[in-house]
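See below for the structure under consideration.
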Amino acid sequence: MIRKISQFLLLLLFIGFGLFKTKNLISMVQNNYQSVKKEPQNETYTTDEKRYLKTYYLMKKGDNYYTAHYNAFQAVAGGEENVWKKDAWGWRLPTIFYFWKLLTKNGANIINLFVIMVFFTMLSLYLIAKKFTNKHIALLAPLMILPYFLNAIKTTSFLFTTWWGAFFLIIGLAFFYYQKHFWACLFFCLAICTRELLVIPLLAMLIISFWFKRNRLVFLVPIGLLGFYLLYHNHRVSQLLILESSFEIINRLSSFNKETLLTTLAFSTNSYLLLFLRPALIWITTSCFGLGYLLFKNKNKYSILIAFASFLAFFLALGFIGQSRWEDYWGPLYVPMMAAFSPILIITLNEDHKKN
């Protein structure tokens, strides 16, 4: 009886997480459309997002990515911190910028493309959740994450490359769970070449694949590709300016930083009607308990460990690679996956779970 009540309350809670604030939503999105239709003028912007938008428009005029991004850095209002001159980590990888250039005509079209990617990502989250639950409970995964994605198009947040890397990773993971390994590998390559931080979950998956001696190339190829890509990236950046170092990893590490963990969990959640319940904290708790139960009960632990690696590896690493609260935009690299696996707990409370 207690399990039934707990299951019902958890179901209501997850449905509640699908509710979002609608006040001024349409006007905010419309204003955002208008604001990104034009190229940001020199020394009128200070944010990363507007710098990315400036880079995009310069590329549409014919500049290559590296020249465009260099000029976008130079045009920041009031001068820019020297982070982009220290090492190549201060420069985003060019993959997503060429993706935007190829498929869109202006910044407003990037929003449209973002919405399309959200649709396929939510479909992928449903398919992933369905592998561990059932076709009805799995609907909670895209339902809960919809306000999270919706919040991004209210502002210029949709231009953060972390969103786009996360889209590719999630779609790739859906292909992986449905045994489409070529497509999984392709999307993992796109993910890691869009945001290099995704090497963390993919490296965790690679270790698991070697342990179980399964699907090693699916994870090895993207990680190997990233290594060559970073060498090329560093070479191109070095042609434009003298870097203090190439890829300084030690200086990017820190002692445990609780602030980074909390801010990434809170990122893009302010549109939730039940924000006061801190959805992401509940998702990481329920997903870990649900997957942990399956790991204990099921003989086939491979797919469950891959699920854990998709979000937990990055979450645990965050405390040591994050240096400030300004890295909150890393949240999309793992939070949507937590939402995908949270509904498992509803099934396990009834002990009527699917074995993978």
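So you can find residues: chains in the structure tokens are A, B, ... in the order shown, residues in each start at 1, and ligands are numbered from 1 in order.
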
Could you produce a table of the residues of region 286-305 of chain A lying within 10 Å of region 124-148 of chain A, with the nearest pair of atoms per residue and their separation in Å rounded to one decimal, using only C-alpha atoms, ordered by chain and increasing residue number, as a Markdown table?
| residue | atom | partner | partner_atom | distance |
| --- | --- | --- | --- | --- |
| A:Gly290 | CA | A:Phe132 | CA | 9.7 |
| A:Leu291 | CA | A:Phe132 | CA | 9.0 |
| A:Leu294 | CA | A:Phe132 | CA | 9.0 |
| A:Ser303 | CA | A:Phe132 | CA | 9.6 |
| A:Ile304 | CA | A:Phe132 | CA | 8.9 |

Nearest residue to Asp328 (chain A) out of A:Phe160, A:Tyr45, A:Tyr65, A:Phe308, using only C-alpha atoms?
A:Phe160

Would you list the contacts of region 1-6 of chain A as a list in words, taking every protein, DNA or RNA residue within 10 Å and counting only C-alpha atoms, but skipping same-chain residues closer than 4 positions in sequence?
Leu10, Leu11, Leu12, Ile346, Thr348, Leu349, Asn350 and Glu351 of chain A

Residues within 9 Å of Tyr334 (chain A), only C-alpha atoms, excluding chain neighbours under 2 positions, as a CSV table (one decimal) with C-alpha atoms, in the first residue's frame:
chain,number,residue,atom,x,y,z
A,166,ALA,CA,23.7,17.8,-25.5
A,201,PRO,CA,30.7,10.9,-20.1
A,310,SER,CA,25.6,9.5,-19.4
A,311,PHE,CA,25.0,11.9,-16.5
A,312,LEU,CA,26.7,10.9,-13.3
A,313,ALA,CA,30.3,11.0,-14.6
A,314,PHE,CA,29.9,14.6,-15.6
A,315,PHE,CA,28.1,15.5,-12.4
A,330,TRP,CA,27.2,23.4,-18.4
A,331,GLY,CA,23.9,22.1,-16.9
A,332,PRO,CA,22.5,20.9,-20.3
A,336,PRO,CA,18.3,16.2,-19.4
A,337,MET,CA,19.7,12.7,-19.0
A,338,MET,CA,18.8,12.7,-15.3

Would you list, as a count of residues only, the residues of region 103-273 of chain A that end up in helix (DSSP H, G or I) under DSSP run on this structure's backbone?
134

One decimal place gives the CA of Leu345 (chain A)-CA of Lys297 (chain A) separation as 13.2 Å
